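Structure data (mmCIF, N, CA and C atoms) from my_file-v8.cif:
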data_protein
#
loop_
_atom_site.label_atom_id
_atom_site.label_comp_id
_atom_site.auth_asym_id
_atom_site.auth_seq_id
_atom_site.Cartn_x
_atom_site.Cartn_y
_atom_site.Cartn_z
N GLN E 1 8.11 -10.23 15.09
CA GLN E 1 6.81 -10.28 14.44
C GLN E 1 6.32 -8.87 14.19
N VAL E 2 5.98 -8.59 12.95
CA VAL E 2 5.50 -7.27 12.57
C VAL E 2 3.99 -7.33 12.37
N GLN E 3 3.29 -6.39 12.94
CA GLN E 3 1.85 -6.27 12.73
C GLN E 3 1.58 -5.02 11.90
N LEU E 4 0.66 -5.17 10.96
CA LEU E 4 0.31 -4.07 10.07
C LEU E 4 -1.19 -3.82 10.14
N VAL E 5 -1.55 -2.56 10.29
CA VAL E 5 -2.96 -2.19 10.35
C VAL E 5 -3.22 -1.09 9.33
N GLU E 6 -4.08 -1.40 8.36
CA GLU E 6 -4.41 -0.44 7.32
C GLU E 6 -5.66 0.35 7.70
N SER E 7 -5.78 1.52 7.12
CA SER E 7 -6.99 2.31 7.25
C SER E 7 -7.09 3.25 6.06
N GLY E 8 -8.28 3.81 5.87
CA GLY E 8 -8.44 4.84 4.84
C GLY E 8 -9.20 4.41 3.61
N GLY E 9 -9.58 3.16 3.51
CA GLY E 9 -10.34 2.73 2.35
C GLY E 9 -11.76 3.28 2.40
N GLY E 10 -12.48 3.05 1.32
CA GLY E 10 -13.86 3.50 1.28
C GLY E 10 -14.40 3.58 -0.12
N LEU E 11 -15.50 4.27 -0.25
CA LEU E 11 -16.18 4.45 -1.54
C LEU E 11 -15.90 5.85 -2.05
N VAL E 12 -15.51 5.95 -3.30
CA VAL E 12 -15.19 7.25 -3.89
C VAL E 12 -15.65 7.24 -5.34
N GLN E 13 -15.97 8.40 -5.85
CA GLN E 13 -16.38 8.49 -7.25
C GLN E 13 -15.17 8.55 -8.17
N THR E 14 -15.39 8.18 -9.40
CA THR E 14 -14.35 8.26 -10.42
C THR E 14 -13.76 9.67 -10.45
N GLY E 15 -12.43 9.72 -10.46
CA GLY E 15 -11.73 11.00 -10.45
C GLY E 15 -11.40 11.51 -9.07
N GLY E 16 -11.93 10.87 -8.06
CA GLY E 16 -11.69 11.29 -6.69
C GLY E 16 -10.37 10.80 -6.14
N SER E 17 -10.17 11.08 -4.85
CA SER E 17 -8.92 10.74 -4.17
C SER E 17 -9.18 10.04 -2.85
N LEU E 18 -8.23 9.23 -2.46
CA LEU E 18 -8.23 8.60 -1.15
C LEU E 18 -6.78 8.49 -0.68
N ARG E 19 -6.60 8.46 0.63
CA ARG E 19 -5.28 8.19 1.17
C ARG E 19 -5.38 7.01 2.12
N LEU E 20 -4.60 5.98 1.82
CA LEU E 20 -4.51 4.82 2.68
C LEU E 20 -3.32 4.98 3.63
N SER E 21 -3.51 4.45 4.83
CA SER E 21 -2.44 4.46 5.82
C SER E 21 -2.19 3.05 6.30
N CYS E 22 -0.96 2.77 6.66
CA CYS E 22 -0.60 1.47 7.22
C CYS E 22 0.41 1.72 8.33
N ARG E 23 0.00 1.38 9.54
CA ARG E 23 0.87 1.57 10.69
C ARG E 23 1.46 0.22 11.08
N ALA E 24 2.77 0.21 11.25
CA ALA E 24 3.47 -1.02 11.61
C ALA E 24 3.88 -0.99 13.06
N SER E 25 3.90 -2.17 13.67
CA SER E 25 4.40 -2.30 15.03
C SER E 25 5.13 -3.63 15.15
N GLY E 26 6.04 -3.69 16.11
CA GLY E 26 6.72 -4.95 16.39
C GLY E 26 8.01 -5.16 15.63
N GLY E 27 8.43 -4.20 14.85
CA GLY E 27 9.68 -4.35 14.11
C GLY E 27 10.40 -3.02 14.00
N THR E 28 11.55 -3.05 13.35
CA THR E 28 12.29 -1.81 13.10
C THR E 28 11.85 -1.28 11.75
N PHE E 29 10.93 -0.34 11.81
CA PHE E 29 10.25 0.10 10.60
C PHE E 29 11.23 0.61 9.55
N SER E 30 12.25 1.34 9.99
CA SER E 30 13.17 1.96 9.03
C SER E 30 13.95 0.93 8.23
N ARG E 31 13.97 -0.30 8.67
CA ARG E 31 14.70 -1.35 7.97
C ARG E 31 13.81 -2.22 7.09
N LEU E 32 12.53 -1.92 7.07
CA LEU E 32 11.57 -2.70 6.30
C LEU E 32 11.31 -2.06 4.95
N ALA E 33 11.24 -2.88 3.92
CA ALA E 33 10.70 -2.42 2.64
C ALA E 33 9.18 -2.48 2.77
N MET E 34 8.53 -1.38 2.48
CA MET E 34 7.07 -1.30 2.63
C MET E 34 6.43 -1.21 1.25
N ALA E 35 5.31 -1.87 1.11
CA ALA E 35 4.65 -1.89 -0.20
C ALA E 35 3.14 -1.95 -0.03
N TRP E 36 2.48 -1.57 -1.08
CA TRP E 36 1.02 -1.73 -1.20
C TRP E 36 0.76 -2.67 -2.38
N TYR E 37 -0.09 -3.65 -2.12
CA TYR E 37 -0.59 -4.54 -3.14
C TYR E 37 -2.10 -4.37 -3.22
N ARG E 38 -2.68 -4.88 -4.28
CA ARG E 38 -4.14 -4.87 -4.38
C ARG E 38 -4.62 -6.12 -5.10
N GLN E 39 -5.85 -6.48 -4.81
CA GLN E 39 -6.48 -7.61 -5.47
C GLN E 39 -7.90 -7.22 -5.84
N GLY E 40 -8.12 -7.07 -7.13
CA GLY E 40 -9.44 -6.72 -7.63
C GLY E 40 -10.30 -7.95 -7.80
N PRO E 41 -11.59 -7.76 -8.02
CA PRO E 41 -12.50 -8.89 -8.19
C PRO E 41 -12.07 -9.80 -9.34
N GLY E 42 -11.86 -11.07 -9.05
CA GLY E 42 -11.48 -12.02 -10.07
C GLY E 42 -10.07 -11.88 -10.58
N LYS E 43 -9.25 -11.09 -9.87
CA LYS E 43 -7.88 -10.85 -10.33
C LYS E 43 -6.88 -11.36 -9.31
N GLN E 44 -5.64 -11.52 -9.77
CA GLN E 44 -4.57 -11.89 -8.86
C GLN E 44 -4.07 -10.66 -8.10
N ARG E 45 -3.49 -10.91 -6.97
CA ARG E 45 -2.90 -9.81 -6.20
C ARG E 45 -1.72 -9.25 -6.98
N GLU E 46 -1.63 -7.93 -7.02
CA GLU E 46 -0.56 -7.28 -7.77
C GLU E 46 0.09 -6.18 -6.95
N LEU E 47 1.36 -5.95 -7.23
CA LEU E 47 2.09 -4.87 -6.58
C LEU E 47 1.61 -3.53 -7.14
N VAL E 48 1.35 -2.61 -6.23
CA VAL E 48 0.95 -1.26 -6.63
C VAL E 48 2.12 -0.29 -6.50
N ALA E 49 2.78 -0.32 -5.34
CA ALA E 49 3.89 0.60 -5.11
C ALA E 49 4.75 0.05 -3.98
N ARG E 50 6.04 0.39 -4.04
CA ARG E 50 6.98 -0.07 -3.02
C ARG E 50 7.93 1.05 -2.66
N ALA E 51 8.26 1.12 -1.37
CA ALA E 51 9.26 2.09 -0.88
C ALA E 51 10.27 1.33 -0.05
N THR E 52 11.52 1.37 -0.46
CA THR E 52 12.58 0.64 0.24
C THR E 52 13.04 1.41 1.47
N PRO E 53 13.83 0.78 2.33
CA PRO E 53 14.38 1.51 3.48
C PRO E 53 15.17 2.74 3.07
N GLY E 54 15.81 2.68 1.91
CA GLY E 54 16.55 3.83 1.40
C GLY E 54 15.66 4.83 0.70
N GLU E 55 14.33 4.58 0.75
CA GLU E 55 13.31 5.46 0.19
C GLU E 55 13.33 5.53 -1.32
N SER E 56 13.88 4.51 -1.95
CA SER E 56 13.68 4.34 -3.38
C SER E 56 12.26 3.83 -3.57
N VAL E 57 11.57 4.35 -4.59
CA VAL E 57 10.18 3.95 -4.80
C VAL E 57 10.00 3.44 -6.21
N ASN E 58 9.03 2.56 -6.38
CA ASN E 58 8.63 2.14 -7.71
C ASN E 58 7.14 1.86 -7.72
N TYR E 59 6.56 1.97 -8.90
CA TYR E 59 5.11 1.87 -9.07
C TYR E 59 4.74 0.94 -10.21
N ALA E 60 3.56 0.37 -10.10
CA ALA E 60 2.99 -0.34 -11.24
C ALA E 60 2.70 0.68 -12.34
N ASP E 61 2.85 0.27 -13.57
CA ASP E 61 2.61 1.19 -14.69
C ASP E 61 1.20 1.78 -14.64
N SER E 62 0.26 0.99 -14.17
CA SER E 62 -1.14 1.41 -14.19
C SER E 62 -1.44 2.55 -13.22
N VAL E 63 -0.55 2.81 -12.28
CA VAL E 63 -0.82 3.86 -11.29
C VAL E 63 0.20 5.00 -11.34
N LYS E 64 1.20 4.88 -12.18
CA LYS E 64 2.22 5.93 -12.26
C LYS E 64 1.58 7.27 -12.59
N GLY E 65 2.00 8.29 -11.88
CA GLY E 65 1.46 9.63 -12.09
C GLY E 65 0.17 9.90 -11.34
N ARG E 66 -0.43 8.87 -10.77
CA ARG E 66 -1.68 9.04 -10.02
C ARG E 66 -1.54 8.70 -8.54
N PHE E 67 -0.71 7.71 -8.23
CA PHE E 67 -0.54 7.26 -6.85
C PHE E 67 0.85 7.67 -6.36
N THR E 68 0.93 7.93 -5.06
CA THR E 68 2.21 8.25 -4.44
C THR E 68 2.34 7.48 -3.14
N ILE E 69 3.45 6.77 -3.00
CA ILE E 69 3.75 6.09 -1.74
C ILE E 69 4.73 6.93 -0.95
N ALA E 70 4.51 7.00 0.35
CA ALA E 70 5.40 7.78 1.20
C ALA E 70 5.50 7.09 2.55
N ARG E 71 6.68 7.08 3.10
CA ARG E 71 6.87 6.47 4.41
C ARG E 71 7.26 7.54 5.42
N ASP E 72 6.75 7.35 6.62
CA ASP E 72 7.06 8.23 7.75
C ASP E 72 7.72 7.36 8.81
N ASN E 73 9.03 7.33 8.77
CA ASN E 73 9.76 6.44 9.68
C ASN E 73 9.57 6.84 11.15
N ALA E 74 9.34 8.10 11.39
CA ALA E 74 9.17 8.56 12.78
C ALA E 74 7.89 8.00 13.39
N ASN E 75 6.90 7.74 12.54
CA ASN E 75 5.61 7.25 13.03
C ASN E 75 5.28 5.84 12.57
N ASN E 76 6.29 5.15 12.02
CA ASN E 76 6.12 3.75 11.60
C ASN E 76 4.92 3.56 10.67
N THR E 77 4.76 4.49 9.76
CA THR E 77 3.58 4.49 8.91
C THR E 77 3.98 4.68 7.44
N VAL E 78 3.27 3.97 6.58
CA VAL E 78 3.42 4.18 5.14
C VAL E 78 2.05 4.57 4.59
N TYR E 79 2.07 5.49 3.66
CA TYR E 79 0.85 6.02 3.07
C TYR E 79 0.79 5.70 1.58
N LEU E 80 -0.42 5.65 1.08
CA LEU E 80 -0.62 5.57 -0.37
C LEU E 80 -1.66 6.63 -0.73
N GLN E 81 -1.19 7.69 -1.35
CA GLN E 81 -2.09 8.73 -1.83
C GLN E 81 -2.54 8.35 -3.23
N MET E 82 -3.84 8.25 -3.40
CA MET E 82 -4.41 7.81 -4.67
C MET E 82 -5.28 8.93 -5.24
N ASN E 83 -4.88 9.43 -6.38
CA ASN E 83 -5.61 10.50 -7.06
C ASN E 83 -6.13 10.01 -8.41
N SER E 84 -7.07 10.75 -8.95
CA SER E 84 -7.64 10.42 -10.27
C SER E 84 -8.07 8.96 -10.34
N LEU E 85 -8.80 8.55 -9.35
CA LEU E 85 -9.17 7.14 -9.24
C LEU E 85 -10.10 6.72 -10.38
N LYS E 86 -9.90 5.48 -10.80
CA LYS E 86 -10.69 4.89 -11.88
C LYS E 86 -11.41 3.65 -11.35
N SER E 87 -12.39 3.19 -12.09
CA SER E 87 -13.11 2.00 -11.66
C SER E 87 -12.17 0.78 -11.57
N ASP E 88 -11.15 0.75 -12.42
CA ASP E 88 -10.19 -0.35 -12.39
C ASP E 88 -9.36 -0.39 -11.11
N ASP E 89 -9.38 0.70 -10.35
CA ASP E 89 -8.65 0.73 -9.08
C ASP E 89 -9.42 0.06 -7.95
N THR E 90 -10.67 -0.32 -8.22
CA THR E 90 -11.47 -1.01 -7.21
C THR E 90 -10.80 -2.32 -6.82
N ALA E 91 -10.53 -2.47 -5.53
CA ALA E 91 -9.80 -3.65 -5.07
C ALA E 91 -9.70 -3.61 -3.56
N VAL E 92 -9.27 -4.73 -3.00
CA VAL E 92 -8.82 -4.73 -1.62
C VAL E 92 -7.33 -4.41 -1.65
N TYR E 93 -6.95 -3.42 -0.89
CA TYR E 93 -5.56 -2.98 -0.84
C TYR E 93 -4.89 -3.52 0.42
N TYR E 94 -3.73 -4.12 0.23
CA TYR E 94 -3.00 -4.73 1.32
C TYR E 94 -1.66 -4.05 1.54
N CYS E 95 -1.35 -3.83 2.77
CA CYS E 95 -0.03 -3.33 3.15
C CYS E 95 0.90 -4.53 3.33
N ASN E 96 2.13 -4.37 2.91
CA ASN E 96 3.12 -5.45 2.99
C ASN E 96 4.43 -4.90 3.53
N ALA E 97 5.04 -5.66 4.41
CA ALA E 97 6.36 -5.32 4.93
C ALA E 97 7.30 -6.47 4.67
N ASN E 98 8.50 -6.14 4.21
CA ASN E 98 9.48 -7.17 3.88
C ASN E 98 10.80 -6.85 4.56
N SER E 99 11.29 -7.84 5.30
CA SER E 99 12.57 -7.64 5.99
C SER E 99 13.68 -8.33 5.19
N ALA E 100 14.61 -7.53 4.68
CA ALA E 100 15.75 -8.11 3.98
C ALA E 100 16.65 -8.88 4.94
N LEU E 101 16.58 -8.50 6.21
CA LEU E 101 17.44 -9.13 7.21
C LEU E 101 17.00 -10.58 7.49
N THR E 102 15.70 -10.79 7.61
CA THR E 102 15.20 -12.11 7.98
C THR E 102 14.60 -12.86 6.79
N GLY E 103 14.29 -12.14 5.73
CA GLY E 103 13.63 -12.77 4.59
C GLY E 103 12.14 -12.97 4.80
N LEU E 104 11.62 -12.48 5.91
CA LEU E 104 10.20 -12.64 6.20
C LEU E 104 9.40 -11.47 5.65
N GLN E 105 8.17 -11.75 5.32
CA GLN E 105 7.27 -10.68 4.93
C GLN E 105 5.96 -10.80 5.69
N TYR E 106 5.29 -9.68 5.82
CA TYR E 106 4.09 -9.58 6.63
C TYR E 106 3.02 -8.85 5.84
N TRP E 107 1.76 -9.18 6.18
CA TRP E 107 0.63 -8.59 5.48
C TRP E 107 -0.36 -7.99 6.46
N GLY E 108 -0.97 -6.90 6.03
CA GLY E 108 -2.10 -6.37 6.77
C GLY E 108 -3.37 -7.11 6.40
N GLN E 109 -4.47 -6.70 7.02
CA GLN E 109 -5.74 -7.40 6.82
C GLN E 109 -6.45 -6.95 5.55
N GLY E 110 -6.01 -5.85 4.98
CA GLY E 110 -6.62 -5.34 3.76
C GLY E 110 -7.68 -4.30 4.03
N THR E 111 -7.81 -3.38 3.10
CA THR E 111 -8.85 -2.35 3.19
C THR E 111 -9.48 -2.19 1.81
N GLN E 112 -10.80 -2.13 1.79
CA GLN E 112 -11.53 -2.09 0.53
C GLN E 112 -11.57 -0.68 -0.04
N VAL E 113 -11.24 -0.58 -1.31
CA VAL E 113 -11.40 0.67 -2.05
C VAL E 113 -12.35 0.40 -3.20
N THR E 114 -13.42 1.15 -3.25
CA THR E 114 -14.41 1.00 -4.32
C THR E 114 -14.57 2.33 -5.04
N VAL E 115 -14.36 2.30 -6.35
CA VAL E 115 -14.49 3.50 -7.17
C VAL E 115 -15.72 3.35 -8.04
N SER E 116 -16.66 4.25 -7.86
CA SER E 116 -17.93 4.17 -8.59
C SER E 116 -18.01 5.27 -9.63
N SER E 117 -18.69 4.97 -10.72
CA SER E 117 -18.84 5.97 -11.79
C SER E 117 -20.10 6.79 -11.57
#
Before anything else, please render the file you have as C-alpha cells.
Amino acid sequence: QVQLVESGGGLVQTGGSLRLSCRASGGTFSRLAMAWYRQGPGKQRELVARATPGESVNYADSVKGRFTIARDNANNTVYLQMNSLKSDDTAVYYCNANSALTGLQYWGQGTQVTVSS
C-alpha cells in the first residue's frame, strides 16, 4: 500500500510560480510511475505530467514549457514546478503513483492551486 501526501498548493497571482511536492511511503518509489493530475472547477480530471521509473517525462500540451516534473528517488518525492501560472491552471492537483508490477494506482488527497488575476 502506497501513501501519498501532497503539499505546496496555495494562492498565487497570474504569472507567478509554485512548487508542489508529493512524498510517497509504503512502496518502492523508484519502481513507481509518478504523475500529477488536476481537476478544475466543472472539469474532468486530467493528466498534467508524468515521470516514469526510467525518468522519461511527458506533459499535457497546456503546460509544456511552463511546468516541470522531477523525481527524487532518494527522498521518495516527486515535484511539480509550475511557472508562468495562468487562471486556467486553477485546480485541485493530485499526485498519482502507478505500479507496473501490480497494476495498482494510488492517489493523494489533493492540494488546491488558485491563480488570481
Residues returned when the PyMOL selection byres (((chain E and resi 106 and name CA) around 8) and name CA) runs on this file, as a count of residues only: 10
Spell out the residues picked by the PyMOL selection byres ((chain E and resi 51) around 5) here, as a PyMOL selection string. chain E and resi 33-35+49-50+52-53+56-57
Computed interatomic separation between atom N of E:Thr14 and atom CA of E:Phe67 (Å):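 These atoms are spaced 15.1 Å apart.
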Check what the PyMOL selection byres ((chain E and resi 16) around 5) selects in the file above and give those residues as a PyMOL selection string. chain E and resi 13-15+17-18+83-85
Box in all listed atoms of stretch 27-33 of chain E, axis-aligned, with 4 Å more on each side; write out centre and edge lengths in Å to one decimal as AutoDock Vina command-line options.
--center_x 11.6 --center_y -1.2 --center_z 8.7 --size_x 14.3 --size_y 14.3 --size_z 20.2
Between E:Tyr93, E:Gly65, E:Asn75, E:Asp88, which has the minimum distance to E:Thr111 (counting only N, CA and C atoms)? E:Tyr93
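Comparing the minimum interatomic distances between E:Ser25 and each of E:Ile69, E:Ala100, E:Val12, E:Val5, counting only N, CA and C atoms, we find that E:Val5 sits nearest.
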Point-to-point distance in Å for atom CA of E:Ala70 and atom CA of E:Gly54: 11.8 Å
Would you compute the distance between atom CA of E:Ser87 and atom C of E:Val115? Give it in Å to one decimal. 4.7 Å
Which of these, E:Ala24, E:Leu11, E:Val113, E:Val78, has the shortest distance to E:Ala91 once you count all atoms listed in the file?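 Under the stated criterion, the closest residue is E:Val113.
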Got a sec to tell me which of stretch 31-103 of chain E DSSP assigns to strand (DSSP E or B), as a ChimeraX atom specification? /E:32-39,46-51,57-59,67-72,77-82,91-99
Using only N, CA and C atoms, which of the listed residues (E:Thr114, E:Gln81, E:Thr68, E:Thr28) sits closest to E:Gly9?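 With only N, CA and C atoms as the atom set, the closest residue is E:Thr114.
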Which is closer to E:Thr90 than all the others in E:Gln39, E:Glu55, E:Gly8, E:Arg71, using all atoms listed in the file?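 The closest residue to E:Thr90 is E:Gln39.
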Mind the document's chain letters and residue numbers, and return as a compact mmCIF listing (two decimals) with N, CA and C atoms, keeping the file's coordinate frame the residues of chain E that DSSP labels helix (DSSP H, G or I).
# COMPACT_ATOMS: atom_id res chain seq x y z
N PHE E 29 10.93 -0.34 11.81
CA PHE E 29 10.25 0.10 10.60
C PHE E 29 11.23 0.61 9.55
N SER E 30 12.25 1.34 9.99
CA SER E 30 13.17 1.96 9.03
C SER E 30 13.95 0.93 8.23
N ARG E 31 13.97 -0.30 8.67
CA ARG E 31 14.70 -1.35 7.97
C ARG E 31 13.81 -2.22 7.09
N ASN E 73 9.03 7.33 8.77
CA ASN E 73 9.76 6.44 9.68
C ASN E 73 9.57 6.84 11.15
N ALA E 74 9.34 8.10 11.39
CA ALA E 74 9.17 8.56 12.78
C ALA E 74 7.89 8.00 13.39
N ASN E 75 6.90 7.74 12.54
CA ASN E 75 5.61 7.25 13.03
C ASN E 75 5.28 5.84 12.57
N SER E 87 -12.39 3.19 -12.09
CA SER E 87 -13.11 2.00 -11.66
C SER E 87 -12.17 0.78 -11.57
N ASP E 88 -11.15 0.75 -12.42
CA ASP E 88 -10.19 -0.35 -12.39
C ASP E 88 -9.36 -0.39 -11.11
N ASP E 89 -9.38 0.70 -10.35
CA ASP E 89 -8.65 0.73 -9.08
C ASP E 89 -9.42 0.06 -7.95
Pick out the closest residue to E:Leu20 from this set: E:Arg38, E:Glu46, E:Asn73, E:Ser7. Count only N, CA and C atoms.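 Ranking E:Arg38, E:Glu46, E:Asn73, E:Ser7 by distance to E:Leu20, first place goes to E:Ser7.
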Could you write stretch 20-31 of chain E as an mmCIF file, keeping the file's coordinate frame, with all heavy atoms rebuilt where they are missing?
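Result file is result.cif:
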data_model
loop_
_atom_site.group_PDB
_atom_site.id
_atom_site.type_symbol
_atom_site.label_atom_id
_atom_site.label_comp_id
_atom_site.auth_asym_id
_atom_site.auth_seq_id
_atom_site.Cartn_x
_atom_site.Cartn_y
_atom_site.Cartn_z
ATOM 1 N N LEU E 20 -4.600 5.980 1.820
ATOM 2 C CA LEU E 20 -4.510 4.820 2.680
ATOM 3 C C LEU E 20 -3.320 4.980 3.630
ATOM 4 O O LEU E 20 -2.293 5.543 3.261
ATOM 5 C CB LEU E 20 -4.327 3.545 1.860
ATOM 6 C CG LEU E 20 -5.356 3.279 0.769
ATOM 7 C CD1 LEU E 20 -5.056 1.941 0.094
ATOM 8 C CD2 LEU E 20 -6.757 3.301 1.314
ATOM 9 N N SER E 21 -3.510 4.450 4.830
ATOM 10 C CA SER E 21 -2.440 4.460 5.820
ATOM 11 C C SER E 21 -2.190 3.050 6.300
ATOM 12 O O SER E 21 -3.115 2.235 6.371
ATOM 13 C CB SER E 21 -2.816 5.339 7.018
ATOM 14 O OG SER E 21 -3.059 6.666 6.624
ATOM 15 N N CYS E 22 -0.960 2.770 6.660
ATOM 16 C CA CYS E 22 -0.600 1.470 7.220
ATOM 17 C C CYS E 22 0.410 1.720 8.330
ATOM 18 O O CYS E 22 1.510 2.206 8.088
ATOM 19 C CB CYS E 22 -0.001 0.574 6.155
ATOM 20 S SG CYS E 22 0.712 -0.959 6.786
ATOM 21 N N ARG E 23 0.000 1.380 9.540
ATOM 22 C CA ARG E 23 0.870 1.570 10.690
ATOM 23 C C ARG E 23 1.460 0.220 11.080
ATOM 24 O O ARG E 23 0.727 -0.759 11.235
ATOM 25 C CB ARG E 23 0.135 2.189 11.855
ATOM 26 C CG ARG E 23 1.020 2.469 13.051
ATOM 27 C CD ARG E 23 0.286 3.264 14.112
ATOM 28 N NE ARG E 23 1.102 3.438 15.305
ATOM 29 C CZ ARG E 23 2.003 4.397 15.466
ATOM 30 N NH1 ARG E 23 2.200 5.270 14.487
ATOM 31 N NH2 ARG E 23 2.692 4.481 16.578
ATOM 32 N N ALA E 24 2.770 0.210 11.250
ATOM 33 C CA ALA E 24 3.470 -1.020 11.610
ATOM 34 C C ALA E 24 3.880 -0.990 13.060
ATOM 35 O O ALA E 24 4.195 0.064 13.620
ATOM 36 C CB ALA E 24 4.696 -1.189 10.728
ATOM 37 N N SER E 25 3.900 -2.170 13.670
ATOM 38 C CA SER E 25 4.400 -2.300 15.030
ATOM 39 C C SER E 25 5.130 -3.630 15.150
ATOM 40 O O SER E 25 4.895 -4.550 14.367
ATOM 41 C CB SER E 25 3.259 -2.230 16.051
ATOM 42 O OG SER E 25 2.329 -3.265 15.825
ATOM 43 N N GLY E 26 6.040 -3.690 16.110
ATOM 44 C CA GLY E 26 6.720 -4.950 16.390
ATOM 45 C C GLY E 26 8.010 -5.160 15.630
ATOM 46 O O GLY E 26 8.599 -6.238 15.732
ATOM 47 N N GLY E 27 8.430 -4.200 14.850
ATOM 48 C CA GLY E 27 9.680 -4.350 14.110
ATOM 49 C C GLY E 27 10.400 -3.020 14.000
ATOM 50 O O GLY E 27 9.918 -2.008 14.488
ATOM 51 N N THR E 28 11.550 -3.050 13.350
ATOM 52 C CA THR E 28 12.290 -1.810 13.100
ATOM 53 C C THR E 28 11.850 -1.280 11.750
ATOM 54 O O THR E 28 12.338 -1.719 10.698
ATOM 55 C CB THR E 28 13.808 -2.063 13.129
ATOM 56 O OG1 THR E 28 14.163 -2.664 14.373
ATOM 57 C CG2 THR E 28 14.560 -0.748 12.958
ATOM 58 N N PHE E 29 10.930 -0.340 11.810
ATOM 59 C CA PHE E 29 10.250 0.100 10.600
ATOM 60 C C PHE E 29 11.230 0.610 9.550
ATOM 61 O O PHE E 29 11.085 0.335 8.359
ATOM 62 C CB PHE E 29 9.246 1.203 10.960
ATOM 63 C CG PHE E 29 8.436 1.685 9.798
ATOM 64 C CD1 PHE E 29 7.329 0.958 9.363
ATOM 65 C CD2 PHE E 29 8.766 2.870 9.131
ATOM 66 C CE1 PHE E 29 6.570 1.407 8.282
ATOM 67 C CE2 PHE E 29 8.011 3.311 8.061
ATOM 68 C CZ PHE E 29 6.909 2.577 7.633
ATOM 69 N N SER E 30 12.250 1.340 9.990
ATOM 70 C CA SER E 30 13.170 1.960 9.030
ATOM 71 C C SER E 30 13.950 0.930 8.230
ATOM 72 O O SER E 30 14.531 1.268 7.191
ATOM 73 C CB SER E 30 14.118 2.907 9.753
ATOM 74 O OG SER E 30 14.891 2.189 10.701
ATOM 75 N N ARG E 31 13.970 -0.300 8.670
ATOM 76 C CA ARG E 31 14.700 -1.350 7.970
ATOM 77 C C ARG E 31 13.810 -2.220 7.090
ATOM 78 O O ARG E 31 14.279 -3.149 6.454
ATOM 79 C CB ARG E 31 15.443 -2.243 8.980
ATOM 80 C CG ARG E 31 16.517 -1.506 9.752
ATOM 81 C CD ARG E 31 17.212 -2.429 10.726
ATOM 82 N NE ARG E 31 18.246 -1.728 11.499
ATOM 83 C CZ ARG E 31 18.976 -2.285 12.458
ATOM 84 N NH1 ARG E 31 18.798 -3.552 12.753
ATOM 85 N NH2 ARG E 31 19.880 -1.575 13.094
#
